[in-house]
Amino acid sequence: MLIYGNTPRDIMNMMWRRKYKLLMIAVVIVIAVTLTGCTKPKTELRALDQFWDTLGGKALTKSKDE
């Protein structure tokens with residue numbers, strides 16, 4: 001049977017010949033993912049901060065009687 005196109009072995013050989021180009025692409029992708037993960041987190045946790053302050057007795061709370 002005659003198969004047209006490249007066999008998987010041919011494709012792997014072509015990729016192996018261009019190993020430095022593939023390696024550079026992988027390195028660039030890894031660096032990009034790493035840098036996007038290094039953004040400064042937002043410290044806007046007002047509700048959670050208020051909750052912990054109330055539990056710790058730092059914040060004044062209103063009761064129903066007042």
# chains A, B, ... in the order shown; residues from 1 in each chain; ligands from 1
call {"tool": "select_by_dssp", "arguments": {"residues": "stretch 4-46 of chain A", "states": "helix (DSSP H, G or I)", "output": "PyMOL selection string"}}
result
chain A and resi 8-17+19-36+46
call {"tool": "write_last_selection", "arguments": {"atoms": "N, CA and C atoms", "output": "mmCIF file, in the first residue's frame"}}
result
data_model
loop_
_atom_site.group_PDB
_atom_site.id
_atom_site.type_symbol
_atom_site.label_atom_id
_atom_site.label_comp_id
_atom_site.auth_asym_id
_atom_site.auth_seq_id
_atom_site.Cartn_x
_atom_site.Cartn_y
_atom_site.Cartn_z
ATOM 1 N N PRO A 8 5.430 9.068 10.817
ATOM 2 C CA PRO A 8 5.781 9.639 12.123
ATOM 3 C C PRO A 8 7.289 9.697 12.372
ATOM 4 N N ARG A 9 8.004 8.719 11.862
ATOM 5 C CA ARG A 9 9.457 8.739 12.019
ATOM 6 C C ARG A 9 10.066 9.914 11.259
ATOM 7 N N ASP A 10 9.553 10.195 10.044
ATOM 8 C CA ASP A 10 10.040 11.348 9.290
ATOM 9 C C ASP A 10 9.753 12.656 10.033
ATOM 10 N N ILE A 11 8.581 12.754 10.608
ATOM 11 C CA ILE A 11 8.209 13.966 11.345
ATOM 12 C C ILE A 11 9.108 14.147 12.561
ATOM 13 N N MET A 12 9.377 13.065 13.288
ATOM 14 C CA MET A 12 10.266 13.156 14.450
ATOM 15 C C MET A 12 11.680 13.537 14.036
ATOM 16 N N ASN A 13 12.139 13.028 12.912
ATOM 17 C CA ASN A 13 13.470 13.388 12.421
ATOM 18 C C ASN A 13 13.534 14.871 12.052
ATOM 19 N N MET A 14 12.471 15.393 11.440
ATOM 20 C CA MET A 14 12.432 16.810 11.096
ATOM 21 C C MET A 14 12.436 17.666 12.366
ATOM 22 N N MET A 15 11.691 17.234 13.380
ATOM 23 C CA MET A 15 11.666 17.977 14.638
ATOM 24 C C MET A 15 13.018 17.908 15.332
ATOM 25 N N TRP A 16 13.673 16.786 15.289
ATOM 26 C CA TRP A 16 14.969 16.622 15.941
ATOM 27 C C TRP A 16 16.031 17.499 15.296
ATOM 28 N N ARG A 17 15.923 17.683 13.949
ATOM 29 C CA ARG A 17 16.859 18.560 13.258
ATOM 30 C C ARG A 17 16.672 20.013 13.680
ATOM 31 N N LYS A 19 15.824 21.038 16.724
ATOM 32 C CA LYS A 19 15.653 20.938 18.173
ATOM 33 C C LYS A 19 15.944 22.252 18.884
ATOM 34 N N TYR A 20 16.888 23.049 18.410
ATOM 35 C CA TYR A 20 17.196 24.299 19.087
ATOM 36 C C TYR A 20 16.066 25.314 18.915
ATOM 37 N N LYS A 21 15.443 25.314 17.759
ATOM 38 C CA LYS A 21 14.310 26.208 17.540
ATOM 39 C C LYS A 21 13.133 25.804 18.440
ATOM 40 N N LEU A 22 12.854 24.511 18.535
ATOM 41 C CA LEU A 22 11.786 24.038 19.415
ATOM 42 C C LEU A 22 12.115 24.306 20.879
ATOM 43 N N LEU A 23 13.370 24.156 21.250
ATOM 44 C CA LEU A 23 13.787 24.424 22.614
ATOM 45 C C LEU A 23 13.626 25.898 22.955
ATOM 46 N N MET A 24 13.967 26.772 22.031
ATOM 47 C CA MET A 24 13.818 28.207 22.270
ATOM 48 C C MET A 24 12.352 28.593 22.400
ATOM 49 N N ILE A 25 11.484 28.001 21.601
ATOM 50 C CA ILE A 25 10.058 28.285 21.698
ATOM 51 C C ILE A 25 9.528 27.835 23.064
ATOM 52 N N ALA A 26 9.955 26.666 23.515
ATOM 53 C CA ALA A 26 9.514 26.167 24.820
ATOM 54 C C ALA A 26 10.021 27.063 25.946
ATOM 55 N N VAL A 27 11.249 27.540 25.854
ATOM 56 C CA VAL A 27 11.817 28.421 26.877
ATOM 57 C C VAL A 27 11.069 29.743 26.912
ATOM 58 N N VAL A 28 10.745 30.298 25.756
ATOM 59 C CA VAL A 28 10.008 31.564 25.703
ATOM 60 C C VAL A 28 8.624 31.401 26.324
ATOM 61 N N ILE A 29 7.958 30.297 26.047
ATOM 62 C CA ILE A 29 6.635 30.057 26.623
ATOM 63 C C ILE A 29 6.728 29.919 28.145
ATOM 64 N N VAL A 30 7.715 29.204 28.639
ATOM 65 C CA VAL A 30 7.887 29.031 30.087
ATOM 66 C C VAL A 30 8.183 30.372 30.758
ATOM 67 N N ILE A 31 9.029 31.184 30.145
ATOM 68 C CA ILE A 31 9.349 32.501 30.713
ATOM 69 C C ILE A 31 8.108 33.395 30.713
ATOM 70 N N ALA A 32 7.319 33.362 29.642
ATOM 71 C CA ALA A 32 6.107 34.179 29.580
ATOM 72 C C ALA A 32 5.109 33.770 30.659
ATOM 73 N N VAL A 33 4.937 32.489 30.867
ATOM 74 C CA VAL A 33 4.012 32.012 31.901
ATOM 75 C C VAL A 33 4.529 32.397 33.285
ATOM 76 N N THR A 34 5.822 32.311 33.489
ATOM 77 C CA THR A 34 6.410 32.677 34.776
ATOM 78 C C THR A 34 6.229 34.163 35.059
ATOM 79 N N LEU A 35 6.461 35.003 34.055
ATOM 80 C CA LEU A 35 6.344 36.443 34.266
ATOM 81 C C LEU A 35 4.905 36.886 34.463
ATOM 82 N N THR A 36 3.968 36.236 33.821
ATOM 83 C CA THR A 36 2.576 36.619 34.033
ATOM 84 C C THR A 36 2.108 36.193 35.414
ATOM 85 N N ARG A 46 -11.319 43.789 51.994
ATOM 86 C CA ARG A 46 -11.938 44.567 53.070
ATOM 87 C C ARG A 46 -12.895 43.730 53.914
#
call {"tool": "atom_distance", "arguments": {"atom1": "atom CA of A:Gly37", "atom2": "atom CA of A:Asp49"}}
result
24.5 Å
call {"tool": "atom_distance", "arguments": {"atom1": "atom CA of A:Gln50", "atom2": "atom CA of A:Cys38"}}
result
27.3 Å
